[in-house]
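Q: There's a structure below that I have some questions on.
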Amino acid sequence: MNQARRKNLRKLLDQLQPLEPVIEELRDDIRALQEEEQEYRDAMPDGIGESARGENADAAIEALEEVVSLLEEIQSEIAEAAEKIEEAMA
């Protein structure tokens, strides 16, 4: 690979790498909200827990769990992409 393409890849890598901590922070913030919602749900009396409020809380918890999982996948893919760029520059 010539120097000009390596330089372009370095620029792209420099843009990609800062995304990892941003994604991690988003994941952690969403996980904290999911845990708060779970605590809220766990504190509901049985009657309310089986009502629409309980079902809404369950749906929110499930959706937030999926978001956390997706963000973990994105974080992993970003790390893999960075490795591949570094490999291409070698």
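Chains: A, B, ... in order of the structure tokens. Residues: from 1 per chain. Ligands: from 1, in order shown.
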Can you pull out the residues contacting stretch 53-56 of chain A? Cut-off 12 Å, using only C-alpha atoms, and skip same-chain residues under 6 positions away; I want them as a list in words.

A: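 My list of contacting residues is Glu37, Gln38, Glu39, Tyr40, Arg41, Asp42, Ala43, Met44, Pro45, Asp46, Gly47, Glu62 and Ala63 of chain A.
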
Q: Quick one: everything within 12 Å of A:Glu77, counting only C-alpha atoms, minus sequence neighbours fewer than 4 positions away in the same chain. Send it as number ranges by chain.

A: A: 16-17, 19-20, 23, 70-73, 81-84

Q: Write the selection just made, keeping N, CA and C atoms, as a PDB file, in the first residue's frame?

A:
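Below is the file that was written, again36.pdb:
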ATOM      1  N   LEU A  16     -12.740   6.681  13.401  1.00  0.00           N
ATOM      2  CA  LEU A  16     -13.468   5.505  13.886  1.00  0.00           C
ATOM      3  C   LEU A  16     -13.216   5.239  15.369  1.00  0.00           C
ATOM      4  N   GLN A  17     -11.980   5.327  15.795  1.00  0.00           N
ATOM      5  CA  GLN A  17     -11.629   4.929  17.158  1.00  0.00           C
ATOM      6  C   GLN A  17     -12.350   5.717  18.256  1.00  0.00           C
ATOM      7  N   LEU A  19     -15.288   6.548  18.408  1.00  0.00           N
ATOM      8  CA  LEU A  19     -16.670   6.102  18.528  1.00  0.00           C
ATOM      9  C   LEU A  19     -16.843   5.042  19.616  1.00  0.00           C
ATOM     10  N   GLU A  20     -15.816   4.249  19.854  1.00  0.00           N
ATOM     11  CA  GLU A  20     -15.926   3.172  20.841  1.00  0.00           C
ATOM     12  C   GLU A  20     -16.316   3.671  22.230  1.00  0.00           C
ATOM     13  N   ILE A  23     -19.985   4.906  22.247  1.00  0.00           N
ATOM     14  CA  ILE A  23     -20.935   3.792  22.256  1.00  0.00           C
ATOM     15  C   ILE A  23     -20.975   3.156  23.641  1.00  0.00           C
ATOM     16  N   LEU A  70     -27.575  -4.477  21.181  1.00  0.00           N
ATOM     17  CA  LEU A  70     -27.205  -3.911  19.885  1.00  0.00           C
ATOM     18  C   LEU A  70     -25.992  -2.996  20.000  1.00  0.00           C
ATOM     19  N   LEU A  71     -25.940  -2.195  21.035  1.00  0.00           N
ATOM     20  CA  LEU A  71     -24.791  -1.310  21.222  1.00  0.00           C
ATOM     21  C   LEU A  71     -23.516  -2.103  21.489  1.00  0.00           C
ATOM     22  N   GLU A  72     -23.633  -3.212  22.206  1.00  0.00           N
ATOM     23  CA  GLU A  72     -22.470  -4.081  22.418  1.00  0.00           C
ATOM     24  C   GLU A  72     -21.978  -4.652  21.094  1.00  0.00           C
ATOM     25  N   GLU A  73     -22.912  -5.042  20.235  1.00  0.00           N
ATOM     26  CA  GLU A  73     -22.540  -5.541  18.913  1.00  0.00           C
ATOM     27  C   GLU A  73     -21.855  -4.449  18.094  1.00  0.00           C
ATOM     28  N   ALA A  81     -13.446  -3.476  12.958  1.00  0.00           N
ATOM     29  CA  ALA A  81     -13.148  -2.640  11.793  1.00  0.00           C
ATOM     30  C   ALA A  81     -11.815  -1.919  11.983  1.00  0.00           C
ATOM     31  N   ALA A  82     -11.564  -1.416  13.179  1.00  0.00           N
ATOM     32  CA  ALA A  82     -10.296  -0.742  13.460  1.00  0.00           C
ATOM     33  C   ALA A  82      -9.120  -1.698  13.295  1.00  0.00           C
ATOM     34  N   GLU A  83      -9.288  -2.923  13.779  1.00  0.00           N
ATOM     35  CA  GLU A  83      -8.233  -3.932  13.619  1.00  0.00           C
ATOM     36  C   GLU A  83      -7.952  -4.215  12.150  1.00  0.00           C
ATOM     37  N   LYS A  84      -9.018  -4.309  11.367  1.00  0.00           N
ATOM     38  CA  LYS A  84      -8.858  -4.596   9.939  1.00  0.00           C
ATOM     39  C   LYS A  84      -8.175  -3.446   9.211  1.00  0.00           C
TER      40      LYS A  84
END

Q: Any idea what's packed within 12 Å of A:Pro18, counting only C-alpha atoms, ignoring anything in its chain fewer than 4 positions away? Could you give it as a PyMOL selection string?

A: chain A and resi 11-14+22-25+75+78-79+82

Q: For those residues, write N, CA, C and O atoms to a file as a compact mmCIF listing (two decimals), in the first residue's frame.

A:
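Just written: again_0.txt:
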# COMPACT_ATOMS: atom_id res chain seq x y z
N LYS A 11 -6.44 8.52 8.68
CA LYS A 11 -7.49 9.52 8.95
C LYS A 11 -8.81 8.83 9.29
O LYS A 11 -9.51 9.23 10.23
N LEU A 12 -9.13 7.80 8.51
CA LEU A 12 -10.38 7.07 8.77
C LEU A 12 -10.34 6.36 10.12
O LEU A 12 -11.31 6.37 10.88
N LEU A 13 -9.20 5.77 10.43
CA LEU A 13 -9.04 5.10 11.72
C LEU A 13 -9.16 6.11 12.86
O LEU A 13 -9.80 5.83 13.88
N ASP A 14 -8.58 7.28 12.68
CA ASP A 14 -8.68 8.32 13.70
C ASP A 14 -10.11 8.79 13.91
O ASP A 14 -10.47 9.26 14.99
N VAL A 22 -17.78 6.43 23.03
CA VAL A 22 -19.11 7.06 22.94
C VAL A 22 -20.18 5.98 23.02
O VAL A 22 -21.16 6.11 23.77
N ILE A 23 -19.98 4.91 22.25
CA ILE A 23 -20.94 3.79 22.26
C ILE A 23 -20.97 3.16 23.64
O ILE A 23 -22.04 2.83 24.16
N GLU A 24 -19.82 3.01 24.27
CA GLU A 24 -19.76 2.42 25.61
C GLU A 24 -20.54 3.27 26.62
O GLU A 24 -21.29 2.73 27.44
N GLU A 25 -20.38 4.57 26.53
CA GLU A 25 -21.10 5.46 27.45
C GLU A 25 -22.61 5.38 27.22
O GLU A 25 -23.39 5.32 28.18
N GLN A 75 -20.22 -1.86 19.20
CA GLN A 75 -18.91 -1.63 19.79
C GLN A 75 -17.91 -2.69 19.33
O GLN A 75 -16.77 -2.38 18.97
N ILE A 78 -17.04 -2.07 15.64
CA ILE A 78 -16.12 -0.94 15.49
C ILE A 78 -14.69 -1.39 15.81
O ILE A 78 -13.75 -1.06 15.08
N ALA A 79 -14.53 -2.13 16.88
CA ALA A 79 -13.20 -2.62 17.26
C ALA A 79 -12.64 -3.52 16.16
O ALA A 79 -11.45 -3.42 15.80
N ALA A 82 -11.56 -1.42 13.18
CA ALA A 82 -10.30 -0.74 13.46
C ALA A 82 -9.12 -1.70 13.30
O ALA A 82 -8.09 -1.34 12.72

Q: What does the structure give for the distance between atom CA of A:Asp28 and atom CA of A:Ile85, in Å to one decimal?

A: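 Spanning atom CA of A:Asp28 to atom CA of A:Ile85 is a straight-line distance of 26.8 Å.
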
Q: Of the residues A:Met1, A:Ala88, A:Leu33, A:Ile74, which is the one nearest to A:Ala57, using only C-alpha atoms?

A: A:Leu33

Q: I'd like the neighbourhood of A:Glu86 as a ChimeraX atom specification, where a residue qualifies if any of its atoms comes within 10 Å (using only C-alpha atoms), though same-chain residues fewer than 6 positions away should be ignored.

A: /A:6,9-10,13,80
